[in-house]
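A.B. asks: Here you go, my_file_6.cif (mmCIF, C-alpha atoms):
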```cif
data_coords
loop_
_atom_site.group_PDB
_atom_site.id
_atom_site.type_symbol
_atom_site.label_atom_id
_atom_site.label_comp_id
_atom_site.auth_asym_id
_atom_site.auth_seq_id
_atom_site.Cartn_x
_atom_site.Cartn_y
_atom_site.Cartn_z
ATOM 1 C CA GLN A 16 -16.498 5.289 35.215
ATOM 2 C CA ASP A 17 -13.798 3.564 33.181
ATOM 3 C CA SER A 18 -12.947 6.877 31.583
ATOM 4 C CA GLY A 19 -12.716 8.629 34.934
ATOM 5 C CA ASN A 20 -10.570 5.897 36.478
ATOM 6 C CA PHE A 21 -8.172 5.950 33.563
ATOM 7 C CA ALA A 22 -7.905 9.738 33.633
ATOM 8 C CA LYS A 23 -7.146 9.625 37.381
ATOM 9 C CA PHE A 24 -4.570 6.878 36.865
ATOM 10 C CA LEU A 25 -2.905 8.904 34.101
ATOM 11 C CA THR A 26 -2.739 12.141 36.079
ATOM 12 C CA ASP A 27 -1.420 10.277 39.142
ATOM 13 C CA SER A 28 1.251 8.581 37.041
ATOM 14 C CA LEU A 29 2.390 11.929 35.638
ATOM 15 C CA GLY A 30 2.330 13.571 39.066
ATOM 16 C CA ILE A 31 -0.129 16.299 38.067
ATOM 17 C CA SER A 32 -3.216 15.154 39.982
ATOM 18 C CA ASP A 33 -2.861 18.038 42.458
ATOM 19 C CA GLU A 34 -2.461 20.664 39.727
ATOM 20 C CA SER A 35 -5.259 22.827 38.347
ATOM 21 C CA PHE A 36 -7.585 21.391 35.718
ATOM 22 C CA GLN A 37 -6.197 23.775 33.065
ATOM 23 C CA LYS A 38 -2.639 22.673 33.783
ATOM 24 C CA GLN A 39 -3.638 19.002 33.642
ATOM 25 C CA ILE A 40 -5.281 19.515 30.247
ATOM 26 C CA PHE A 41 -2.241 21.438 28.990
ATOM 27 C CA THR A 42 0.178 18.728 30.179
ATOM 28 C CA LEU A 43 -1.847 15.882 28.689
ATOM 29 C CA SER A 44 -2.287 17.744 25.399
ATOM 30 C CA LEU A 45 1.419 18.517 25.196
ATOM 31 C CA LEU A 46 2.292 14.884 25.930
ATOM 32 C CA THR A 47 -0.110 13.692 23.239
ATOM 33 C CA ILE A 48 1.321 16.091 20.677
ATOM 34 C CA LEU A 49 4.900 15.028 21.473
ATOM 35 C CA ILE A 50 4.007 11.337 21.136
ATOM 36 C CA LEU A 51 2.287 11.899 17.803
ATOM 37 C CA LEU A 52 5.171 14.015 16.489
ATOM 38 C CA ALA A 53 7.705 11.398 17.593
ATOM 39 C CA LYS A 54 5.683 8.683 15.879
ATOM 40 C CA THR A 55 5.491 10.706 12.656
ATOM 41 C CA ALA A 56 9.215 11.465 12.674
ATOM 42 C CA ALA A 57 10.100 7.815 13.357
ATOM 43 C CA SER A 58 7.782 6.620 10.585
ATOM 44 C CA LEU A 59 9.283 9.108 8.136
ATOM 45 C CA TRP A 60 12.840 8.052 8.956
ATOM 46 C CA ILE A 61 12.073 4.326 8.790
ATOM 47 C CA THR A 62 10.138 4.673 5.526
ATOM 48 C CA ARG A 63 12.916 6.645 3.859
ATOM 49 C CA ARG A 64 15.605 4.206 4.935
ATOM 50 C CA SER A 65 13.514 1.218 3.913
ATOM 51 C CA LEU A 66 12.700 2.578 0.457
ATOM 52 C CA ASN A 67 16.328 3.492 -0.218
ATOM 53 C CA PHE A 68 17.414 0.036 0.861
ATOM 54 C CA ILE A 69 14.761 -1.701 -1.249
ATOM 55 C CA SER A 70 15.614 0.432 -4.294
ATOM 56 C CA ARG A 71 19.272 -0.604 -4.078
ATOM 57 C CA ARG A 72 18.294 -4.245 -3.759
ATOM 58 C CA GLY A 73 16.021 -3.827 -6.771
ATOM 59 C CA ALA A 74 18.938 -2.632 -8.879
ATOM 60 C CA THR A 75 20.966 -5.649 -7.723
ATOM 61 C CA LEU A 76 18.104 -7.982 -8.593
ATOM 62 C CA SER A 77 17.821 -6.432 -12.075
ATOM 63 C CA GLY A 78 21.506 -7.034 -12.702
ATOM 64 C CA THR A 79 21.326 -10.582 -11.371
ATOM 65 C CA LEU A 80 18.318 -11.380 -13.540
ATOM 66 C CA LEU A 81 19.947 -9.970 -16.680
ATOM 67 C CA ARG A 82 23.157 -11.868 -15.918
ATOM 68 C CA LYS A 83 21.217 -15.110 -15.626
ATOM 69 C CA ILE A 84 19.372 -14.427 -18.879
ATOM 70 C CA LEU A 85 22.558 -13.702 -20.830
ATOM 71 C CA ARG A 86 24.087 -16.987 -19.696
ATOM 72 C CA LYS A 87 21.234 -18.967 -21.251
ATOM 73 C CA PRO A 88 21.404 -20.487 -24.764
ATOM 74 C CA SER A 89 20.177 -18.222 -27.564
ATOM 75 C CA VAL A 90 17.292 -20.601 -28.305
ATOM 76 C CA GLU A 91 15.944 -20.145 -24.794
ATOM 77 C CA ILE A 92 16.449 -16.375 -24.890
ATOM 78 C CA ASN A 93 14.619 -16.145 -28.220
ATOM 79 C CA SER A 94 11.617 -17.881 -26.663
ATOM 80 C CA TYR A 95 10.846 -14.540 -24.991
ATOM 81 C CA SER A 96 10.097 -11.302 -26.799
ATOM 82 C CA GLN A 97 12.576 -8.458 -26.323
ATOM 83 C CA GLN A 98 9.967 -6.298 -24.631
ATOM 84 C CA ASP A 99 9.111 -9.122 -22.208
ATOM 85 C CA LEU A 100 12.740 -9.351 -21.116
ATOM 86 C CA ILE A 101 13.179 -5.572 -20.947
ATOM 87 C CA TYR A 102 10.028 -5.085 -18.886
ATOM 88 C CA ALA A 103 10.801 -8.012 -16.585
ATOM 89 C CA ALA A 104 14.320 -6.747 -15.833
ATOM 90 C CA THR A 105 13.315 -3.082 -15.342
ATOM 91 C CA ASN A 106 9.729 -2.084 -14.520
ATOM 92 C CA GLY A 107 8.843 -5.578 -13.331
ATOM 93 C CA VAL A 108 11.680 -5.645 -10.797
ATOM 94 C CA GLN A 109 10.822 -2.125 -9.652
ATOM 95 C CA ASN A 110 7.194 -3.107 -9.089
ATOM 96 C CA LEU A 111 8.315 -6.245 -7.274
ATOM 97 C CA MET A 112 10.697 -4.523 -4.872
ATOM 98 C CA THR A 113 9.439 -0.961 -4.345
ATOM 99 C CA GLY A 114 5.807 -1.844 -4.904
ATOM 100 C CA ILE A 115 5.295 -5.178 -3.173
ATOM 101 C CA VAL A 116 8.086 -5.263 -0.572
ATOM 102 C CA GLY A 117 7.982 -1.518 0.149
ATOM 103 C CA ILE A 118 4.220 -1.434 0.651
ATOM 104 C CA SER A 119 4.375 -4.574 2.796
ATOM 105 C CA ILE A 120 6.699 -2.758 5.204
ATOM 106 C CA SER A 121 4.233 0.145 5.401
ATOM 107 C CA ILE A 122 1.387 -2.288 6.090
ATOM 108 C CA VAL A 123 3.320 -3.795 9.015
ATOM 109 C CA SER A 124 4.025 -0.308 10.391
ATOM 110 C CA ASP A 125 0.394 0.803 10.154
ATOM 111 C CA THR A 126 -0.804 -2.471 11.684
ATOM 112 C CA PHE A 127 1.480 -1.907 14.671
ATOM 113 C CA LEU A 128 0.160 1.662 15.006
ATOM 114 C CA LEU A 129 -3.424 0.405 14.825
ATOM 115 C CA ILE A 130 -2.772 -2.098 17.604
ATOM 116 C CA LEU A 131 -1.261 0.590 19.847
ATOM 117 C CA LEU A 132 -4.173 2.957 19.241
ATOM 118 C CA THR A 133 -6.694 0.237 19.969
ATOM 119 C CA LEU A 134 -4.926 -0.756 23.210
ATOM 120 C CA GLY A 135 -4.814 2.865 24.324
ATOM 121 C CA LEU A 136 -8.497 3.293 23.562
ATOM 122 C CA PHE A 137 -9.266 0.034 25.386
ATOM 123 C CA LEU A 138 -7.682 1.398 28.569
ATOM 124 C CA PHE A 139 -9.911 4.442 28.306
ATOM 125 C CA ASN A 140 -13.167 2.671 27.422
ATOM 126 C CA PRO A 141 -13.318 -1.069 26.555
ATOM 127 C CA VAL A 142 -16.757 -0.884 24.926
ATOM 128 C CA LEU A 143 -15.725 2.073 22.808
ATOM 129 C CA ALA A 144 -12.464 0.375 21.825
ATOM 130 C CA LEU A 145 -14.126 -2.925 20.906
ATOM 131 C CA THR A 146 -16.861 -1.251 18.863
ATOM 132 C CA THR A 147 -14.393 1.013 17.048
ATOM 133 C CA PHE A 148 -12.029 -1.868 16.289
ATOM 134 C CA ILE A 149 -14.827 -4.092 14.949
ATOM 135 C CA LEU A 150 -16.263 -1.265 12.858
ATOM 136 C CA PHE A 151 -13.060 -0.259 11.109
ATOM 137 C CA SER A 152 -11.730 -3.822 10.812
ATOM 138 C CA LEU A 153 -14.961 -4.880 9.126
ATOM 139 C CA ILE A 154 -14.792 -1.929 6.719
ATOM 140 C CA GLY A 155 -11.160 -2.622 5.843
ATOM 141 C CA THR A 156 -11.785 -6.355 5.341
ATOM 142 C CA VAL A 157 -14.798 -5.805 3.087
ATOM 143 C CA LEU A 158 -13.007 -3.200 0.988
ATOM 144 C CA SER A 159 -9.917 -5.376 0.652
ATOM 145 C CA ALA A 160 -11.933 -8.432 -0.363
ATOM 146 C CA TYR A 161 -13.872 -6.409 -2.924
ATOM 147 C CA LEU A 162 -10.951 -4.540 -4.473
ATOM 148 C CA LYS A 163 -7.896 -6.814 -4.302
ATOM 149 C CA ASN A 164 -8.948 -9.227 -7.068
ATOM 150 C CA LYS A 165 -9.898 -6.305 -9.275
ATOM 151 C CA ALA A 166 -6.531 -4.699 -8.551
ATOM 152 C CA PHE A 167 -4.665 -7.853 -9.615
ATOM 153 C CA LYS A 168 -6.651 -8.068 -12.856
ATOM 154 C CA ILE A 169 -6.136 -4.390 -13.607
ATOM 155 C CA GLY A 170 -2.383 -4.678 -12.968
ATOM 156 C CA SER A 171 -2.098 -7.726 -15.214
ATOM 157 C CA ASN A 172 -4.091 -6.129 -18.031
ATOM 158 C CA GLU A 173 -2.040 -2.936 -17.785
ATOM 159 C CA THR A 174 1.215 -4.867 -18.085
ATOM 160 C CA LEU A 175 -0.009 -6.986 -21.002
ATOM 161 C CA ALA A 176 -1.195 -3.946 -22.937
ATOM 162 C CA HIS A 177 1.967 -1.972 -22.143
ATOM 163 C CA VAL A 178 4.293 -4.740 -23.335
ATOM 164 C CA ALA A 179 2.158 -5.364 -26.429
ATOM 165 C CA SER A 180 2.198 -1.666 -27.353
ATOM 166 C CA THR A 181 5.972 -1.426 -27.054
ATOM 167 C CA ASP A 182 6.255 -4.624 -29.097
ATOM 168 C CA LYS A 183 4.108 -2.989 -31.762
ATOM 169 C CA ILE A 184 6.471 0.027 -31.949
ATOM 170 C CA SER A 185 9.544 -2.209 -32.155
ATOM 171 C CA GLU A 186 7.906 -4.278 -34.874
ATOM 172 C CA VAL A 187 7.004 -1.357 -37.124
ATOM 173 C CA LEU A 188 10.409 0.300 -36.682
ATOM 174 C CA SER A 189 12.320 -2.908 -37.422
ATOM 175 C CA THR A 190 10.242 -3.539 -40.560
ATOM 176 C CA TYR A 191 9.790 0.086 -41.569
ATOM 177 C CA ARG A 192 10.684 -0.350 -45.232
ATOM 178 C CA GLU A 193 8.353 -3.297 -45.551
ATOM 179 C CA SER A 194 5.532 -1.345 -43.900
ATOM 180 C CA VAL A 195 6.064 1.497 -46.387
ATOM 181 C CA VAL A 196 5.972 -0.858 -49.357
ATOM 182 C CA ARG A 197 2.886 -2.672 -48.076
ATOM 183 C CA ASP A 198 1.304 0.545 -46.775
ATOM 184 C CA THR A 199 0.635 -0.955 -43.331
ATOM 185 C CA ARG A 200 1.853 1.971 -41.231
ATOM 186 C CA GLU A 201 -1.652 3.215 -40.468
ATOM 187 C CA ALA A 202 -2.700 -0.270 -39.347
ATOM 188 C CA TYR A 203 0.241 -0.342 -36.931
ATOM 189 C CA VAL A 204 -0.762 3.063 -35.578
ATOM 190 C CA GLN A 205 -4.357 1.985 -35.059
ATOM 191 C CA ASP A 206 -3.275 -1.186 -33.247
ATOM 192 C CA PHE A 207 -0.891 0.859 -31.134
ATOM 193 C CA GLU A 208 -3.620 3.374 -30.213
ATOM 194 C CA ALA A 209 -5.965 0.543 -29.232
ATOM 195 C CA LEU A 210 -3.348 -0.974 -26.942
ATOM 196 C CA ARG A 211 -2.490 2.377 -25.359
ATOM 197 C CA THR A 212 -6.209 2.938 -24.781
ATOM 198 C CA LYS A 213 -6.267 -0.290 -22.784
ATOM 199 C CA VAL A 214 -3.278 0.924 -20.783
ATOM 200 C CA SER A 215 -4.954 4.284 -20.121
ATOM 201 C CA ASN A 216 -8.183 2.608 -19.020
ATOM 202 C CA ALA A 217 -6.269 0.341 -16.636
ATOM 203 C CA VAL A 218 -4.341 3.284 -15.184
ATOM 204 C CA ALA A 219 -7.570 5.263 -14.719
ATOM 205 C CA LYS A 220 -9.208 2.340 -12.886
ATOM 206 C CA ARG A 221 -6.124 1.784 -10.718
ATOM 207 C CA THR A 222 -5.939 5.494 -9.857
ATOM 208 C CA PHE A 223 -9.636 5.647 -8.978
ATOM 209 C CA MET A 224 -9.586 2.687 -6.588
ATOM 210 C CA PRO A 225 -8.154 4.602 -3.574
ATOM 211 C CA PHE A 226 -10.974 7.158 -3.891
ATOM 212 C CA VAL A 227 -13.538 4.365 -3.476
ATOM 213 C CA SER A 228 -11.909 3.383 -0.180
ATOM 214 C CA LYS A 229 -11.692 6.986 0.969
ATOM 215 C CA TYR A 230 -15.353 7.798 0.396
ATOM 216 C CA VAL A 231 -16.530 4.501 1.885
ATOM 217 C CA MET A 232 -14.452 5.233 4.982
ATOM 218 C CA GLU A 233 -15.906 8.758 5.305
ATOM 219 C CA ILE A 234 -19.454 7.409 5.087
ATOM 220 C CA SER A 235 -18.625 4.688 7.598
ATOM 221 C CA ILE A 236 -17.286 7.190 10.136
ATOM 222 C CA THR A 237 -20.492 9.208 9.884
ATOM 223 C CA CYS A 238 -22.690 6.133 10.294
ATOM 224 C CA GLY A 239 -20.423 4.778 13.021
ATOM 225 C CA ALA A 240 -20.853 7.972 15.007
ATOM 226 C CA PHE A 241 -24.594 7.365 15.218
ATOM 227 C CA ILE A 242 -24.037 3.763 16.311
ATOM 228 C CA MET A 243 -21.455 4.856 18.857
ATOM 229 C CA ALA A 244 -23.718 7.596 20.210
ATOM 230 C CA GLY A 245 -26.521 5.081 20.731
ATOM 231 C CA LEU A 246 -24.249 2.660 22.569
ATOM 232 C CA GLN A 247 -22.696 5.334 24.750
ATOM 233 C CA PHE A 248 -26.017 6.894 25.812
ATOM 234 C CA ALA A 249 -27.492 3.423 26.423
ATOM 235 C CA LEU A 250 -24.623 2.268 28.657
ATOM 236 C CA TYR A 251 -23.439 5.463 30.383
ATOM 237 C CA ASP A 252 -24.726 8.770 31.715
ATOM 238 C CA SER A 253 -24.871 11.763 29.379
ATOM 239 C CA LYS A 254 -21.560 13.263 30.530
ATOM 240 C CA THR A 255 -19.624 10.042 30.005
ATOM 241 C CA ALA A 256 -21.432 9.347 26.731
ATOM 242 C CA ILE A 257 -20.538 12.750 25.311
ATOM 243 C CA ALA A 258 -16.921 12.281 26.388
ATOM 244 C CA GLY A 259 -16.864 8.834 24.782
ATOM 245 C CA LEU A 260 -18.322 10.185 21.554
ATOM 246 C CA ALA A 261 -15.687 12.929 21.485
ATOM 247 C CA VAL A 262 -12.978 10.321 22.015
ATOM 248 C CA PHE A 263 -14.452 8.243 19.179
ATOM 249 C CA PHE A 264 -14.113 11.147 16.758
ATOM 250 C CA GLY A 265 -10.591 11.823 17.981
ATOM 251 C CA ALA A 266 -9.584 8.181 17.722
ATOM 252 C CA SER A 267 -11.223 7.876 14.313
ATOM 253 C CA SER A 268 -9.013 10.664 13.005
ATOM 254 C CA ARG A 269 -6.016 8.385 13.684
ATOM 255 C CA ILE A 270 -7.487 4.892 13.340
ATOM 256 C CA ALA A 271 -9.391 5.480 10.093
ATOM 257 C CA PRO A 272 -6.303 6.673 8.137
ATOM 258 C CA ALA A 273 -4.289 3.715 9.452
ATOM 259 C CA VAL A 274 -6.988 1.235 8.410
ATOM 260 C CA LEU A 275 -7.326 3.016 5.081
ATOM 261 C CA ARG A 276 -3.577 2.811 4.430
ATOM 262 C CA ILE A 277 -3.530 -0.886 5.318
ATOM 263 C CA GLN A 278 -6.481 -1.640 3.035
ATOM 264 C CA GLN A 279 -5.064 0.416 0.172
ATOM 265 C CA GLY A 280 -1.663 -1.186 0.729
ATOM 266 C CA VAL A 281 -3.157 -4.660 0.340
ATOM 267 C CA THR A 282 -4.984 -3.544 -2.812
ATOM 268 C CA GLN A 283 -1.871 -1.902 -4.275
ATOM 269 C CA THR A 284 0.169 -5.000 -3.499
ATOM 270 C CA LYS A 285 -2.235 -7.125 -5.530
ATOM 271 C CA SER A 286 -1.975 -4.623 -8.373
ATOM 272 C CA TYR A 287 1.835 -4.689 -8.274
ATOM 273 C CA ILE A 288 1.809 -8.492 -8.193
ATOM 274 C CA GLY A 289 -0.153 -8.390 -11.435
ATOM 275 C CA GLN A 290 2.292 -5.877 -12.919
ATOM 276 C CA SER A 291 5.358 -7.878 -11.870
ATOM 277 C CA GLN A 292 3.968 -11.288 -12.816
ATOM 278 C CA ARG A 293 6.286 -11.531 -15.837
ATOM 279 C CA THR A 294 9.293 -10.877 -13.627
ATOM 280 C CA LEU A 295 8.188 -13.502 -11.120
ATOM 281 C CA ASN A 296 7.612 -16.040 -13.888
ATOM 282 C CA LEU A 297 11.003 -15.276 -15.427
ATOM 283 C CA LEU A 298 12.765 -15.555 -12.077
ATOM 284 C CA GLU A 299 11.123 -18.903 -11.456
ATOM 285 C CA ALA A 300 11.970 -20.127 -14.956
ATOM 286 C CA GLN A 301 15.617 -19.039 -14.784
ATOM 287 C CA SER A 302 16.566 -20.270 -11.352
ATOM 288 C CA GLU A 303 14.877 -20.793 -8.039
ATOM 289 C CA THR A 304 17.972 -19.534 -6.245
ATOM 290 C CA VAL A 305 17.871 -16.110 -7.913
ATOM 291 C CA LEU A 306 14.813 -14.998 -6.006
ATOM 292 C CA ASP A 307 15.877 -16.780 -2.825
ATOM 293 C CA GLU A 308 19.266 -15.030 -2.776
ATOM 294 C CA GLN A 309 17.690 -11.622 -3.307
ATOM 295 C CA LEU A 310 15.015 -12.126 -0.670
ATOM 296 C CA ILE A 311 17.742 -13.094 1.809
ATOM 297 C CA ARG A 312 19.452 -9.800 1.005
ATOM 298 C CA VAL A 313 16.184 -7.901 1.371
ATOM 299 C CA ILE A 314 15.658 -9.046 4.946
ATOM 300 C CA SER A 315 19.305 -8.589 5.948
ATOM 301 C CA PRO A 316 19.843 -5.653 8.345
ATOM 302 C CA ASP A 317 22.938 -4.185 6.680
ATOM 303 C CA PHE A 318 21.323 -0.910 5.612
#
```
Represent the structure from my file as structure tokens, please.

C.D. replies:
Amino acid sequence: QDSGNFAKFLTDSLGISDESFQKQIFTLSLLTILILLAKTAASLWITRRSLNFISRRGATLSGTLLRKILRKPSVEINSYSQQDLIYAATNGVQNLMTGIVGISISIVSDTFLLILLTLGLFLFNPVLALTTFILFSLIGTVLSAYLKNKAFKIGSNETLAHVASTDKISEVLSTYRESVVRDTREAYVQDFEALRTKVSNAVAKRTFMPFVSKYVMEISITCGAFIMAGLQFALYDSKTAIAGLAVFFGASSRIAPAVLRIQQGVTQTKSYIGQSQRTLNLLEAQSETVLDEQLIRVISPDF
């Protein structure tokens, strides 16, 4: 009944209630396609502008950080390894801005989309909307809780091994003659290979994590369909139940990817926090105002 009332309200609002059923379906389908295309185009434009803006701010932050470092006494500068400073001012800043801030913007966008989809589904069928929202929210929460701490640890271990491996190369090249005399070149190579193996393992784990979320979501949609079918046939007649089940599959094709992107965004953010931890520590150690000034620029609308 809710579905029928909403369909009648929609056709009356569009002024097509007196048209043939085929024309009503065509009009509603065309309207749906246009809305989805407009949403995709708007998301693409906003994402591109945001990433370009964040990238520029990242370059500014790198320069500001290096400027602050070079103004410090040599004793304080020498307390850090060269590779620590290089990584913090380059890859660390990139992970901080493009990774953390950029993904956070995408999470906000997908959350807004998820809310709109849920509200639209609620107007069609409140029971269906509530069940779908609880199902996918529960899946996303469980996945995020399970993976985010692992992502942070993996990101931290990857950064530590990467910096240590580059330190190892710098060390052997700066003491090359000594390594030849002492015949320690092979030992350096073995240490370097061990560190790069740790980096490769961390990258493999980080790359595999989104696949875990994807397959869990696919299984959940299949199981959710059975739950939804039971609820629909228990509460409504067969015609309404079949329509509700069809709507569930249609809504899932939009809601599930949005939930998946939000969950993966949270997980990736934790990973990037681990990778940019050295940059955050260095920013905090150098000056509290460095990060504050840059964050003010990040949220300014002059892009």

A.B. asks: Taking the file as I've supplied it (selection: the PyMOL selection byres ((chain A and resi 277) around 10)), which residues are included? Please answer as a list in words.

C.D. replies: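 Checking the PyMOL selection byres ((chain A and resi 277) around 10) against this file, the residues are Ile118, Ser119, Ser121, Ile122, Val123, Ser124, Asp125, Thr126, Leu129, Gly155, Thr156, Ser159, Ala271, Pro272, Ala273, Val274, Leu275, Arg276, Gln278, Gln279, Gly280, Val281, Thr282 and Gln283 of chain A.
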
A.B. asks: Of the candidates A:Gly107, A:Pro88, A:Gly30, A:Gly73, which shows the shortest atom-to-atom distance to Asn296 in chain A, using all atoms listed in the file?

C.D. replies: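 Smallest distance to Asn296 in chain A is found for A:Gly107.
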
A.B. asks: Mind giving me the straight-line distance from CA of Ile115 in chain A to CA of Asp99 in chain A in Å, one decimal?

C.D. replies: 19.8 Å

A.B. asks: For the file shown, report as a PyMOL selection string the outcome of the PyMOL selection byres ((chain A and resi 80) around 9) at residue level.

C.D. replies: chain A and resi 75-79+81-85+103-104+297-298+301+305

A.B. asks: If you measure from CA of Leu260 in chain A to CA of Ala240 in chain A, what distance in Å do you get, rounded to one decimal?

C.D. replies: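 So the answer is 7.4 Å.
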
A.B. asks: Using the chain letters and numbering of this document, enumerate as a PyMOL selection string the residues selected by the PyMOL selection byres ((chain A and resi 167-181) around 6).

C.D. replies: chain A and resi 164-166+182-184+207+210+214+217+285-286+289-290
